[in-house]
file my_file18.txt (compact mmCIF, N, CA, C and O atoms)
# COMPACT_ATOMS: atom_id res chain seq x y z
N MET P 1 118.86 106.06 103.51
CA MET P 1 117.60 105.47 103.10
C MET P 1 117.84 104.47 101.99
O MET P 1 118.65 104.70 101.12
N GLN P 2 117.14 103.37 102.02
CA GLN P 2 117.29 102.33 101.03
C GLN P 2 116.59 102.70 99.72
O GLN P 2 115.60 103.40 99.72
N GLU P 3 117.15 102.23 98.59
CA GLU P 3 116.52 102.48 97.30
C GLU P 3 115.23 101.70 97.14
O GLU P 3 114.31 102.13 96.48
N PHE P 4 115.18 100.52 97.70
CA PHE P 4 114.06 99.60 97.57
C PHE P 4 113.22 99.72 98.84
O PHE P 4 113.19 98.83 99.66
N ASN P 5 112.56 100.88 99.02
CA ASN P 5 111.98 101.10 100.33
C ASN P 5 110.47 101.34 100.38
O ASN P 5 109.92 101.43 101.45
N ARG P 6 109.78 101.41 99.24
CA ARG P 6 108.33 101.66 99.27
C ARG P 6 107.57 100.34 99.25
O ARG P 6 107.59 99.63 98.27
N ILE P 7 106.89 100.04 100.34
CA ILE P 7 106.18 98.78 100.47
C ILE P 7 104.69 99.04 100.65
O ILE P 7 104.29 99.87 101.46
N LEU P 8 103.89 98.30 99.87
CA LEU P 8 102.45 98.31 100.05
C LEU P 8 102.08 97.05 100.84
O LEU P 8 102.30 95.93 100.37
N LEU P 9 101.56 97.23 102.03
CA LEU P 9 101.14 96.14 102.90
C LEU P 9 99.62 96.08 102.86
O LEU P 9 98.94 97.06 103.18
N ILE P 10 99.08 94.93 102.45
CA ILE P 10 97.64 94.74 102.41
C ILE P 10 97.30 93.63 103.39
O ILE P 10 97.59 92.46 103.14
N GLU P 11 96.73 94.02 104.51
CA GLU P 11 96.45 93.08 105.61
C GLU P 11 95.23 93.59 106.38
O GLU P 11 95.24 94.73 106.85
N ASP P 12 94.19 92.76 106.50
CA ASP P 12 92.99 93.18 107.20
C ASP P 12 93.02 92.94 108.70
O ASP P 12 92.23 93.50 109.44
N ASN P 13 93.94 92.11 109.17
CA ASN P 13 94.06 91.85 110.60
C ASN P 13 94.81 93.02 111.25
O ASN P 13 95.98 93.26 110.93
N ASN P 14 94.14 93.73 112.14
CA ASN P 14 94.74 94.93 112.74
C ASN P 14 96.01 94.64 113.51
O ASN P 14 96.98 95.40 113.43
N ASN P 15 96.04 93.56 114.27
CA ASN P 15 97.23 93.25 115.07
C ASN P 15 98.43 92.93 114.18
O ASN P 15 99.52 93.46 114.38
N LEU P 16 98.23 92.04 113.21
CA LEU P 16 99.31 91.66 112.32
C LEU P 16 99.74 92.82 111.44
O LEU P 16 100.94 93.07 111.26
N GLY P 17 98.79 93.56 110.90
CA GLY P 17 99.11 94.71 110.05
C GLY P 17 99.91 95.75 110.80
O GLY P 17 100.90 96.28 110.29
N TYR P 18 99.49 96.05 112.02
CA TYR P 18 100.21 97.03 112.83
C TYR P 18 101.62 96.56 113.13
O TYR P 18 102.58 97.31 112.98
N ALA P 19 101.76 95.30 113.54
CA ALA P 19 103.08 94.76 113.90
C ALA P 19 104.02 94.78 112.69
O ALA P 19 105.17 95.21 112.80
N LEU P 20 103.54 94.32 111.53
CA LEU P 20 104.38 94.32 110.33
C LEU P 20 104.75 95.74 109.91
O LEU P 20 105.91 96.02 109.58
N SER P 21 103.77 96.61 109.92
CA SER P 21 104.01 97.99 109.51
C SER P 21 105.04 98.67 110.41
O SER P 21 105.99 99.30 109.92
N GLU P 22 104.89 98.54 111.70
CA GLU P 22 105.82 99.17 112.63
C GLU P 22 107.22 98.57 112.53
O GLU P 22 108.21 99.29 112.59
N TYR P 23 107.29 97.25 112.39
CA TYR P 23 108.59 96.60 112.25
C TYR P 23 109.32 97.10 111.01
O TYR P 23 110.52 97.43 111.07
N LEU P 24 108.63 97.17 109.90
CA LEU P 24 109.25 97.64 108.65
C LEU P 24 109.65 99.11 108.75
O LEU P 24 110.71 99.50 108.27
N LYS P 25 108.82 99.92 109.39
CA LYS P 25 109.16 101.33 109.56
C LYS P 25 110.41 101.50 110.43
O LYS P 25 111.23 102.39 110.17
N LEU P 26 110.55 100.66 111.45
CA LEU P 26 111.75 100.70 112.30
C LEU P 26 113.02 100.43 111.49
O LEU P 26 114.11 100.85 111.87
N HIS P 27 112.86 99.71 110.39
CA HIS P 27 113.99 99.38 109.52
C HIS P 27 114.03 100.28 108.28
O HIS P 27 114.57 99.89 107.24
N CYS P 28 113.45 101.48 108.42
CA CYS P 28 113.53 102.56 107.42
C CYS P 28 112.79 102.29 106.12
O CYS P 28 113.15 102.85 105.08
N TYR P 29 111.76 101.46 106.16
CA TYR P 29 110.92 101.27 104.97
C TYR P 29 109.75 102.23 105.05
O TYR P 29 109.23 102.54 106.12
N ASP P 30 109.33 102.71 103.89
CA ASP P 30 108.16 103.57 103.76
C ASP P 30 106.97 102.65 103.49
O ASP P 30 106.85 102.09 102.39
N VAL P 31 106.10 102.46 104.48
CA VAL P 31 105.03 101.48 104.39
C VAL P 31 103.68 102.17 104.26
O VAL P 31 103.35 103.07 105.03
N THR P 32 102.91 101.72 103.28
CA THR P 32 101.52 102.10 103.16
C THR P 32 100.71 100.87 103.51
O THR P 32 100.80 99.84 102.83
N TRP P 33 99.94 100.95 104.61
CA TRP P 33 99.15 99.81 105.07
C TRP P 33 97.70 100.04 104.69
O TRP P 33 97.10 101.03 105.07
N ILE P 34 97.15 99.08 103.93
CA ILE P 34 95.75 99.14 103.50
C ILE P 34 95.08 97.85 103.92
O ILE P 34 95.66 96.77 103.84
N ARG P 35 93.81 97.95 104.34
CA ARG P 35 93.12 96.81 104.93
C ARG P 35 92.16 96.07 103.99
O ARG P 35 91.62 95.04 104.38
N GLU P 36 91.94 96.57 102.77
CA GLU P 36 91.03 95.88 101.86
C GLU P 36 91.42 96.11 100.40
O GLU P 36 92.17 97.03 100.09
N GLY P 37 90.91 95.25 99.52
CA GLY P 37 91.36 95.17 98.15
C GLY P 37 91.11 96.36 97.26
O GLY P 37 92.00 96.77 96.51
N LYS P 38 89.90 96.92 97.29
CA LYS P 38 89.58 98.03 96.38
C LYS P 38 90.49 99.23 96.62
O LYS P 38 90.99 99.84 95.69
N SER P 39 90.71 99.55 97.87
CA SER P 39 91.61 100.67 98.20
C SER P 39 93.05 100.35 97.82
O SER P 39 93.80 101.23 97.40
N ALA P 40 93.43 99.08 97.97
CA ALA P 40 94.79 98.67 97.60
C ALA P 40 95.02 98.82 96.10
O ALA P 40 96.06 99.32 95.67
N ILE P 41 94.04 98.40 95.30
CA ILE P 41 94.17 98.55 93.84
C ILE P 41 94.24 100.02 93.46
O ILE P 41 95.04 100.42 92.62
N ARG P 42 93.43 100.84 94.09
CA ARG P 42 93.45 102.29 93.83
C ARG P 42 94.83 102.87 94.17
O ARG P 42 95.42 103.62 93.39
N ALA P 43 95.38 102.51 95.32
CA ALA P 43 96.70 103.01 95.73
C ALA P 43 97.78 102.53 94.78
O ALA P 43 98.67 103.30 94.39
N PHE P 44 97.73 101.26 94.38
CA PHE P 44 98.73 100.69 93.48
C PHE P 44 98.68 101.37 92.11
O PHE P 44 99.70 101.50 91.44
N THR P 45 97.51 101.83 91.72
CA THR P 45 97.34 102.50 90.43
C THR P 45 97.95 103.90 90.43
O THR P 45 98.54 104.31 89.44
N ILE P 46 97.85 104.60 91.56
CA ILE P 46 98.29 106.00 91.56
C ILE P 46 99.65 106.23 92.21
O ILE P 46 100.26 107.27 92.01
N GLU P 47 100.13 105.25 93.00
CA GLU P 47 101.43 105.40 93.67
C GLU P 47 102.42 104.39 93.13
O GLU P 47 102.05 103.42 92.48
N SER P 48 103.68 104.61 93.44
CA SER P 48 104.74 103.71 93.00
C SER P 48 105.26 102.92 94.21
O SER P 48 105.64 103.52 95.22
N PHE P 49 105.28 101.59 94.09
CA PHE P 49 105.77 100.74 95.16
C PHE P 49 106.86 99.83 94.63
O PHE P 49 106.86 99.47 93.46
N HIS P 50 107.76 99.42 95.51
CA HIS P 50 108.84 98.51 95.15
C HIS P 50 108.52 97.06 95.49
O HIS P 50 109.11 96.14 94.95
N LEU P 51 107.59 96.87 96.44
CA LEU P 51 107.24 95.53 96.90
C LEU P 51 105.81 95.56 97.46
O LEU P 51 105.40 96.56 98.06
N VAL P 52 105.11 94.45 97.27
CA VAL P 52 103.77 94.29 97.84
C VAL P 52 103.79 93.09 98.79
O VAL P 52 104.25 92.01 98.41
N LEU P 53 103.31 93.30 100.01
CA LEU P 53 103.06 92.21 100.96
C LEU P 53 101.55 92.06 101.02
O LEU P 53 100.84 92.97 101.47
N LEU P 54 101.05 90.92 100.56
CA LEU P 54 99.63 90.77 100.30
C LEU P 54 99.03 89.58 101.06
O LEU P 54 99.44 88.43 100.85
N ASP P 55 98.07 89.88 101.92
CA ASP P 55 97.33 88.84 102.61
C ASP P 55 96.47 88.10 101.58
O ASP P 55 95.91 88.71 100.67
N VAL P 56 96.36 86.79 101.74
CA VAL P 56 95.55 86.00 100.81
C VAL P 56 94.06 86.09 101.15
O VAL P 56 93.22 86.26 100.27
N MET P 57 93.75 86.02 102.43
CA MET P 57 92.35 86.03 102.87
C MET P 57 91.92 87.44 103.25
O MET P 57 92.25 87.93 104.33
N LEU P 58 91.20 88.08 102.34
CA LEU P 58 90.72 89.44 102.56
C LEU P 58 89.22 89.50 102.27
O LEU P 58 88.71 88.70 101.48
N PRO P 59 88.51 90.47 102.85
CA PRO P 59 87.09 90.61 102.52
C PRO P 59 86.91 91.16 101.11
O PRO P 59 87.75 91.90 100.61
N HIS P 60 85.84 90.77 100.46
CA HIS P 60 85.42 91.25 99.14
C HIS P 60 86.30 90.73 98.00
O HIS P 60 85.82 90.00 97.15
N LEU P 61 87.55 91.12 97.94
CA LEU P 61 88.49 90.61 96.93
C LEU P 61 89.57 89.84 97.65
O LEU P 61 90.16 90.34 98.60
N ASP P 62 89.85 88.62 97.19
CA ASP P 62 90.93 87.88 97.85
C ASP P 62 92.29 88.27 97.27
O ASP P 62 92.37 88.98 96.27
N GLY P 63 93.33 87.82 97.92
CA GLY P 63 94.68 88.19 97.51
C GLY P 63 95.03 87.77 96.09
O GLY P 63 95.79 88.45 95.40
N PHE P 64 94.47 86.65 95.63
CA PHE P 64 94.77 86.18 94.28
C PHE P 64 94.18 87.12 93.23
O PHE P 64 94.83 87.43 92.23
N GLU P 65 92.96 87.60 93.47
CA GLU P 65 92.34 88.55 92.55
C GLU P 65 93.11 89.88 92.53
O GLU P 65 93.30 90.48 91.47
N ILE P 66 93.53 90.32 93.69
CA ILE P 66 94.30 91.56 93.77
C ILE P 66 95.63 91.41 93.05
O ILE P 66 96.03 92.30 92.28
N ALA P 67 96.31 90.30 93.24
CA ALA P 67 97.60 90.06 92.58
C ALA P 67 97.43 90.08 91.06
O ALA P 67 98.28 90.63 90.35
N GLN P 68 96.36 89.50 90.55
CA GLN P 68 96.11 89.52 89.10
C GLN P 68 95.97 90.95 88.60
O GLN P 68 96.52 91.31 87.56
N GLN P 69 95.24 91.77 89.34
CA GLN P 69 95.09 93.18 88.96
C GLN P 69 96.42 93.92 88.99
O GLN P 69 96.74 94.69 88.09
N PHE P 70 97.19 93.68 90.03
CA PHE P 70 98.50 94.33 90.16
C PHE P 70 99.41 93.97 88.99
O PHE P 70 100.13 94.82 88.46
N LYS P 71 99.39 92.71 88.59
CA LYS P 71 100.26 92.27 87.49
C LYS P 71 99.85 92.89 86.17
O LYS P 71 100.69 93.11 85.29
N LEU P 72 98.58 93.22 86.00
CA LEU P 72 98.13 93.95 84.81
C LEU P 72 98.59 95.41 84.85
O LEU P 72 98.94 95.98 83.83
N ILE P 73 98.59 95.98 86.04
CA ILE P 73 98.97 97.39 86.20
C ILE P 73 100.48 97.56 86.09
O ILE P 73 100.96 98.44 85.37
N ASN P 74 101.23 96.74 86.84
CA ASN P 74 102.70 96.82 86.81
C ASN P 74 103.29 95.45 87.11
O ASN P 74 103.46 95.09 88.28
N PRO P 75 103.62 94.68 86.07
CA PRO P 75 104.11 93.32 86.28
C PRO P 75 105.51 93.24 86.90
O PRO P 75 105.96 92.16 87.27
N MET P 76 106.20 94.36 87.03
CA MET P 76 107.57 94.35 87.54
C MET P 76 107.66 94.40 89.07
O MET P 76 108.71 94.15 89.64
N VAL P 77 106.57 94.72 89.74
CA VAL P 77 106.60 94.83 91.20
C VAL P 77 106.42 93.44 91.81
O VAL P 77 105.42 92.76 91.56
N PRO P 78 107.38 92.99 92.64
CA PRO P 78 107.24 91.67 93.27
C PRO P 78 106.14 91.67 94.33
O PRO P 78 105.89 92.67 95.00
N ILE P 79 105.49 90.52 94.43
CA ILE P 79 104.40 90.33 95.40
C ILE P 79 104.75 89.14 96.28
O ILE P 79 105.05 88.06 95.77
N ILE P 80 104.69 89.36 97.59
CA ILE P 80 104.86 88.27 98.55
C ILE P 80 103.51 88.06 99.21
O ILE P 80 102.94 88.99 99.78
N SER P 81 102.99 86.84 99.13
CA SER P 81 101.70 86.53 99.72
C SER P 81 101.87 86.13 101.18
O SER P 81 102.78 85.39 101.52
N LEU P 82 100.94 86.60 102.01
CA LEU P 82 100.94 86.27 103.43
C LEU P 82 99.69 85.45 103.74
O LEU P 82 98.63 85.71 103.19
N SER P 83 99.84 84.48 104.60
CA SER P 83 98.68 83.70 105.01
C SER P 83 98.92 83.19 106.42
O SER P 83 100.03 82.82 106.78
N THR P 84 97.87 83.18 107.21
CA THR P 84 97.95 82.62 108.55
C THR P 84 96.95 81.49 108.65
O THR P 84 95.94 81.46 107.96
N LEU P 85 97.23 80.56 109.50
CA LEU P 85 96.31 79.42 109.69
C LEU P 85 95.43 79.64 110.88
O LEU P 85 95.70 80.29 111.79

call {"tool": "encode", "arguments": {"input": "my_file18.txt", "output": "structure tokens"}}
result
Amino acid sequence: MQEFNRILLIEDNNNLGYALSEYLKLHCYDVTWIREGKSAIRAFTIESFHLVLLDVMLPHLDGFEIAQQFKLINPMVPIISLSTL
């Protein structure tokens, strides 16, 4: 098992979220997939993650607002933003 293996995936598109989550799991990553911002912030507050994959376009809170909150909670966790056209 990899040391850098806990990933928080925040993606509201079911097809893309499922595909990313399953692909990462096949490569031995522990993935928590969340579909909206408030639940993502709650999970980030109580759990420990090594990486965040964050959709920019989300309902209610956008990815930029979520990233700001995450950086206040734990500025050491890298965030990769995802966006589709």

call {"tool": "select_by_dssp", "arguments": {"input": "my_file18.txt", "residues": "chain P", "states": "strand (DSSP E or B)", "output": "CSV table (one decimal) with N, CA, C and O atoms, in the coordinates of the input"}}
result
chain,number,residue,atom,x,y,z
P,6,ARG,N,109.8,101.4,99.2
P,6,ARG,CA,108.3,101.7,99.3
P,6,ARG,C,107.6,100.3,99.2
P,6,ARG,O,107.6,99.6,98.3
P,7,ILE,N,106.9,100.0,100.3
P,7,ILE,CA,106.2,98.8,100.5
P,7,ILE,C,104.7,99.0,100.6
P,7,ILE,O,104.3,99.9,101.5
P,8,LEU,N,103.9,98.3,99.9
P,8,LEU,CA,102.4,98.3,100.0
P,8,LEU,C,102.1,97.0,100.8
P,8,LEU,O,102.3,95.9,100.4
P,9,LEU,N,101.6,97.2,102.0
P,9,LEU,CA,101.1,96.1,102.9
P,9,LEU,C,99.6,96.1,102.9
P,9,LEU,O,98.9,97.1,103.2
P,10,ILE,N,99.1,94.9,102.4
P,10,ILE,CA,97.6,94.7,102.4
P,10,ILE,C,97.3,93.6,103.4
P,10,ILE,O,97.6,92.5,103.1
P,30,ASP,N,109.3,102.7,103.9
P,30,ASP,CA,108.2,103.6,103.8
P,30,ASP,C,107.0,102.6,103.5
P,30,ASP,O,106.8,102.1,102.4
P,31,VAL,N,106.1,102.5,104.5
P,31,VAL,CA,105.0,101.5,104.4
P,31,VAL,C,103.7,102.2,104.3
P,31,VAL,O,103.4,103.1,105.0
P,32,THR,N,102.9,101.7,103.3
P,32,THR,CA,101.5,102.1,103.2
P,32,THR,C,100.7,100.9,103.5
P,32,THR,O,100.8,99.8,102.8
P,33,TRP,N,99.9,101.0,104.6
P,33,TRP,CA,99.2,99.8,105.1
P,33,TRP,C,97.7,100.0,104.7
P,33,TRP,O,97.1,101.0,105.1
P,34,ILE,N,97.2,99.1,103.9
P,34,ILE,CA,95.8,99.1,103.5
P,34,ILE,C,95.1,97.8,103.9
P,34,ILE,O,95.7,96.8,103.8
P,51,LEU,N,107.6,96.9,96.4
P,51,LEU,CA,107.2,95.5,96.9
P,51,LEU,C,105.8,95.6,97.5
P,51,LEU,O,105.4,96.6,98.1
P,52,VAL,N,105.1,94.4,97.3
P,52,VAL,CA,103.8,94.3,97.8
P,52,VAL,C,103.8,93.1,98.8
P,52,VAL,O,104.2,92.0,98.4
P,53,LEU,N,103.3,93.3,100.0
P,53,LEU,CA,103.1,92.2,101.0
P,53,LEU,C,101.6,92.1,101.0
P,53,LEU,O,100.8,93.0,101.5
P,54,LEU,N,101.0,90.9,100.6
P,54,LEU,CA,99.6,90.8,100.3
P,54,LEU,C,99.0,89.6,101.1
P,54,LEU,O,99.4,88.4,100.8
P,55,ASP,N,98.1,89.9,101.9
P,55,ASP,CA,97.3,88.8,102.6
P,55,ASP,C,96.5,88.1,101.6
P,55,ASP,O,95.9,88.7,100.7
P,79,ILE,N,105.5,90.5,94.4
P,79,ILE,CA,104.4,90.3,95.4
P,79,ILE,C,104.8,89.1,96.3
P,79,ILE,O,105.0,88.1,95.8
P,80,ILE,N,104.7,89.4,97.6
P,80,ILE,CA,104.9,88.3,98.6
P,80,ILE,C,103.5,88.1,99.2
P,80,ILE,O,102.9,89.0,99.8
P,81,SER,N,103.0,86.8,99.1
P,81,SER,CA,101.7,86.5,99.7
P,81,SER,C,101.9,86.1,101.2
P,81,SER,O,102.8,85.4,101.5
P,82,LEU,N,100.9,86.6,102.0
P,82,LEU,CA,100.9,86.3,103.4
P,82,LEU,C,99.7,85.4,103.7
P,82,LEU,O,98.6,85.7,103.2

call {"tool": "axis_aligned_box", "arguments": {"input": "my_file18.txt", "around": "region 16-31 of chain P", "padding_each_side": "8 Å", "output": "AutoDock Vina command-line options"}}
result
--center_x 106.4 --center_y 97.6 --center_z 108.1 --size_x 32.3 --size_y 27.9 --size_z 27.5

call {"tool": "closest_residue", "arguments": {"input": "my_file18.txt", "among": "P:Thr84, P:Asn74, P:Ser48, P:Asn5", "to": "Cys28 (chain P)", "atoms": "only C-alpha atoms"}}
result
P:Asn5

call {"tool": "closest_residue", "arguments": {"input": "my_file18.txt", "among": "P:Glu11, P:Leu82, P:Arg6, P:Glu65", "to": "Glu47 (chain P)", "atoms": "only C-alpha atoms"}}
result
P:Arg6

call {"tool": "residues_around", "arguments": {"input": "my_file18.txt", "residues": "Leu53 (chain P)", "least_positions_apart": "5", "cutoff": "8 Å", "atoms": "only N, CA, C and O atoms", "output": "ChimeraX atom specification"}}
result
/P:6-11,32-34,78-82

call {"tool": "atom_distance", "arguments": {"input": "my_file18.txt", "atom1": "CA of Asn15 (chain P)", "atom2": "CA of Val77 (chain P)"}}
result
25.7 Å

call {"tool": "atom_distance", "arguments": {"input": "my_file18.txt", "atom1": "atom N of Asp62 (chain P)", "atom2": "atom O of Glu36 (chain P)"}}
result
9.2 Å

call {"tool": "atom_distance", "arguments": {"input": "my_file18.txt", "atom1": "CA of Asp12 (chain P)", "atom2": "CA of Leu24 (chain P)"}}
result
16.9 Å

call {"tool": "select_by_dssp", "arguments": {"input": "my_file18.txt", "residues": "region 28-68 of chain P", "states": "helix (DSSP H, G or I)", "output": "list in words"}}
result
Gly37, Lys38, Ser39, Ala40, Ile41, Arg42, Ala43, Phe44, Thr45, Ile46, Gly63, Phe64, Glu65, Ile66, Ala67 and Gln68 of chain P

call {"tool": "closest_residue", "arguments": {"input": "my_file18.txt", "among": "P:Arg35, P:Phe4, P:Pro75, P:Ser21", "to": "His50 (chain P)", "atoms": "only N, CA, C and O atoms"}}
result
P:Phe4

call {"tool": "residues_near_point", "arguments": {"input": "my_file18.txt", "point": "(97.1, 84.1, 109.0)", "cutoff": "8 Å", "atoms": "only N, CA, C and O atoms", "output": "PyMOL selection string"}}
result
chain P and resi 55-57+82-85

call {"tool": "residues_around", "arguments": {"input": "my_file18.txt", "residues": "Met76 (chain P)", "least_positions_apart": "6", "cutoff": "12 Å", "atoms": "only C-alpha atoms", "output": "PyMOL selection string"}}
result
chain P and resi 48-52+67+70

call {"tool": "closest_residue", "arguments": {"input": "my_file18.txt", "among": "P:Ile73, P:Leu58, P:Lys25, P:Gln68", "to": "Thr45 (chain P)", "atoms": "all atoms listed in the file"}}
result
P:Ile73

call {"tool": "build_atoms", "arguments": {"input": "my_file18.txt", "residues": "region 68-78 of chain P", "atoms": "all heavy atoms", "output": "PDB file, in the frame of the given file"}}
result
ATOM      1  N   GLN P  68      96.360  89.500  90.550  1.00  0.00           N
ATOM      2  CA  GLN P  68      96.110  89.520  89.100  1.00  0.00           C
ATOM      3  C   GLN P  68      95.970  90.950  88.600  1.00  0.00           C
ATOM      4  O   GLN P  68      96.520  91.310  87.560  1.00  0.00           O
ATOM      5  CB  GLN P  68      94.842  88.730  88.756  1.00  0.00           C
ATOM      6  CG  GLN P  68      95.014  87.238  88.848  1.00  0.00           C
ATOM      7  CD  GLN P  68      93.723  86.493  88.559  1.00  0.00           C
ATOM      8  OE1 GLN P  68      92.624  86.995  88.814  1.00  0.00           O
ATOM      9  NE2 GLN P  68      93.870  85.286  88.036  1.00  0.00           N
ATOM     10  N   GLN P  69      95.240  91.770  89.340  1.00  0.00           N
ATOM     11  CA  GLN P  69      95.090  93.180  88.960  1.00  0.00           C
ATOM     12  C   GLN P  69      96.420  93.920  88.990  1.00  0.00           C
ATOM     13  O   GLN P  69      96.740  94.690  88.090  1.00  0.00           O
ATOM     14  CB  GLN P  69      94.071  93.875  89.868  1.00  0.00           C
ATOM     15  CG  GLN P  69      92.657  93.412  89.691  1.00  0.00           C
ATOM     16  CD  GLN P  69      92.118  93.782  88.328  1.00  0.00           C
ATOM     17  OE1 GLN P  69      92.295  94.890  87.850  1.00  0.00           O
ATOM     18  NE2 GLN P  69      91.470  92.830  87.683  1.00  0.00           N
ATOM     19  N   PHE P  70      97.190  93.680  90.030  1.00  0.00           N
ATOM     20  CA  PHE P  70      98.500  94.330  90.160  1.00  0.00           C
ATOM     21  C   PHE P  70      99.410  93.970  88.990  1.00  0.00           C
ATOM     22  O   PHE P  70     100.130  94.820  88.460  1.00  0.00           O
ATOM     23  CB  PHE P  70      99.170  93.954  91.470  1.00  0.00           C
ATOM     24  CG  PHE P  70      98.604  94.632  92.691  1.00  0.00           C
ATOM     25  CD1 PHE P  70      97.533  95.497  92.620  1.00  0.00           C
ATOM     26  CD2 PHE P  70      99.155  94.393  93.932  1.00  0.00           C
ATOM     27  CE1 PHE P  70      97.023  96.115  93.744  1.00  0.00           C
ATOM     28  CE2 PHE P  70      98.666  95.008  95.074  1.00  0.00           C
ATOM     29  CZ  PHE P  70      97.596  95.868  94.975  1.00  0.00           C
ATOM     30  N   LYS P  71      99.390  92.710  88.590  1.00  0.00           N
ATOM     31  CA  LYS P  71     100.260  92.270  87.490  1.00  0.00           C
ATOM     32  C   LYS P  71      99.850  92.890  86.170  1.00  0.00           C
ATOM     33  O   LYS P  71     100.690  93.110  85.290  1.00  0.00           O
ATOM     34  CB  LYS P  71     100.289  90.732  87.389  1.00  0.00           C
ATOM     35  CG  LYS P  71     101.081  90.096  88.516  1.00  0.00           C
ATOM     36  CD  LYS P  71     102.518  90.591  88.512  1.00  0.00           C
ATOM     37  CE  LYS P  71     103.334  90.113  89.671  1.00  0.00           C
ATOM     38  NZ  LYS P  71     104.688  90.665  89.684  1.00  0.00           N
ATOM     39  N   LEU P  72      98.580  93.220  86.000  1.00  0.00           N
ATOM     40  CA  LEU P  72      98.130  93.950  84.810  1.00  0.00           C
ATOM     41  C   LEU P  72      98.590  95.410  84.850  1.00  0.00           C
ATOM     42  O   LEU P  72      98.940  95.980  83.830  1.00  0.00           O
ATOM     43  CB  LEU P  72      96.610  93.891  84.679  1.00  0.00           C
ATOM     44  CG  LEU P  72      96.010  92.526  84.365  1.00  0.00           C
ATOM     45  CD1 LEU P  72      94.481  92.594  84.440  1.00  0.00           C
ATOM     46  CD2 LEU P  72      96.472  92.029  83.004  1.00  0.00           C
ATOM     47  N   ILE P  73      98.590  95.980  86.040  1.00  0.00           N
ATOM     48  CA  ILE P  73      98.970  97.390  86.200  1.00  0.00           C
ATOM     49  C   ILE P  73     100.480  97.560  86.090  1.00  0.00           C
ATOM     50  O   ILE P  73     100.960  98.440  85.370  1.00  0.00           O
ATOM     51  CB  ILE P  73      98.455  97.936  87.557  1.00  0.00           C
ATOM     52  CG1 ILE P  73      96.922  97.914  87.577  1.00  0.00           C
ATOM     53  CG2 ILE P  73      98.991  99.340  87.818  1.00  0.00           C
ATOM     54  CD1 ILE P  73      96.319  98.086  88.968  1.00  0.00           C
ATOM     55  N   ASN P  74     101.230  96.740  86.840  1.00  0.00           N
ATOM     56  CA  ASN P  74     102.700  96.820  86.810  1.00  0.00           C
ATOM     57  C   ASN P  74     103.290  95.450  87.110  1.00  0.00           C
ATOM     58  O   ASN P  74     103.460  95.090  88.280  1.00  0.00           O
ATOM     59  CB  ASN P  74     103.215  97.853  87.805  1.00  0.00           C
ATOM     60  CG  ASN P  74     104.709  98.056  87.695  1.00  0.00           C
ATOM     61  OD1 ASN P  74     105.418  97.280  87.063  1.00  0.00           O
ATOM     62  ND2 ASN P  74     105.206  99.103  88.329  1.00  0.00           N
ATOM     63  N   PRO P  75     103.620  94.680  86.070  1.00  0.00           N
ATOM     64  CA  PRO P  75     104.110  93.320  86.280  1.00  0.00           C
ATOM     65  C   PRO P  75     105.510  93.240  86.900  1.00  0.00           C
ATOM     66  O   PRO P  75     105.960  92.160  87.270  1.00  0.00           O
ATOM     67  CB  PRO P  75     104.105  92.716  84.882  1.00  0.00           C
ATOM     68  CG  PRO P  75     104.175  93.878  83.963  1.00  0.00           C
ATOM     69  CD  PRO P  75     103.488  95.012  84.665  1.00  0.00           C
ATOM     70  N   MET P  76     106.200  94.360  87.030  1.00  0.00           N
ATOM     71  CA  MET P  76     107.570  94.350  87.540  1.00  0.00           C
ATOM     72  C   MET P  76     107.660  94.400  89.070  1.00  0.00           C
ATOM     73  O   MET P  76     108.710  94.150  89.640  1.00  0.00           O
ATOM     74  CB  MET P  76     108.364  95.529  86.961  1.00  0.00           C
ATOM     75  CG  MET P  76     108.440  95.516  85.443  1.00  0.00           C
ATOM     76  SD  MET P  76     109.102  93.983  84.773  1.00  0.00           S
ATOM     77  CE  MET P  76     110.770  94.071  85.359  1.00  0.00           C
ATOM     78  N   VAL P  77     106.570  94.720  89.740  1.00  0.00           N
ATOM     79  CA  VAL P  77     106.600  94.830  91.200  1.00  0.00           C
ATOM     80  C   VAL P  77     106.420  93.440  91.810  1.00  0.00           C
ATOM     81  O   VAL P  77     105.420  92.760  91.560  1.00  0.00           O
ATOM     82  CB  VAL P  77     105.491  95.780  91.701  1.00  0.00           C
ATOM     83  CG1 VAL P  77     105.474  95.836  93.227  1.00  0.00           C
ATOM     84  CG2 VAL P  77     105.673  97.169  91.124  1.00  0.00           C
ATOM     85  N   PRO P  78     107.380  92.990  92.640  1.00  0.00           N
ATOM     86  CA  PRO P  78     107.240  91.670  93.270  1.00  0.00           C
ATOM     87  C   PRO P  78     106.140  91.670  94.330  1.00  0.00           C
ATOM     88  O   PRO P  78     105.890  92.670  95.000  1.00  0.00           O
ATOM     89  CB  PRO P  78     108.603  91.430  93.921  1.00  0.00           C
ATOM     90  CG  PRO P  78     109.336  92.702  93.868  1.00  0.00           C
ATOM     91  CD  PRO P  78     108.640  93.638  92.941  1.00  0.00           C
TER      92      PRO P  78
END
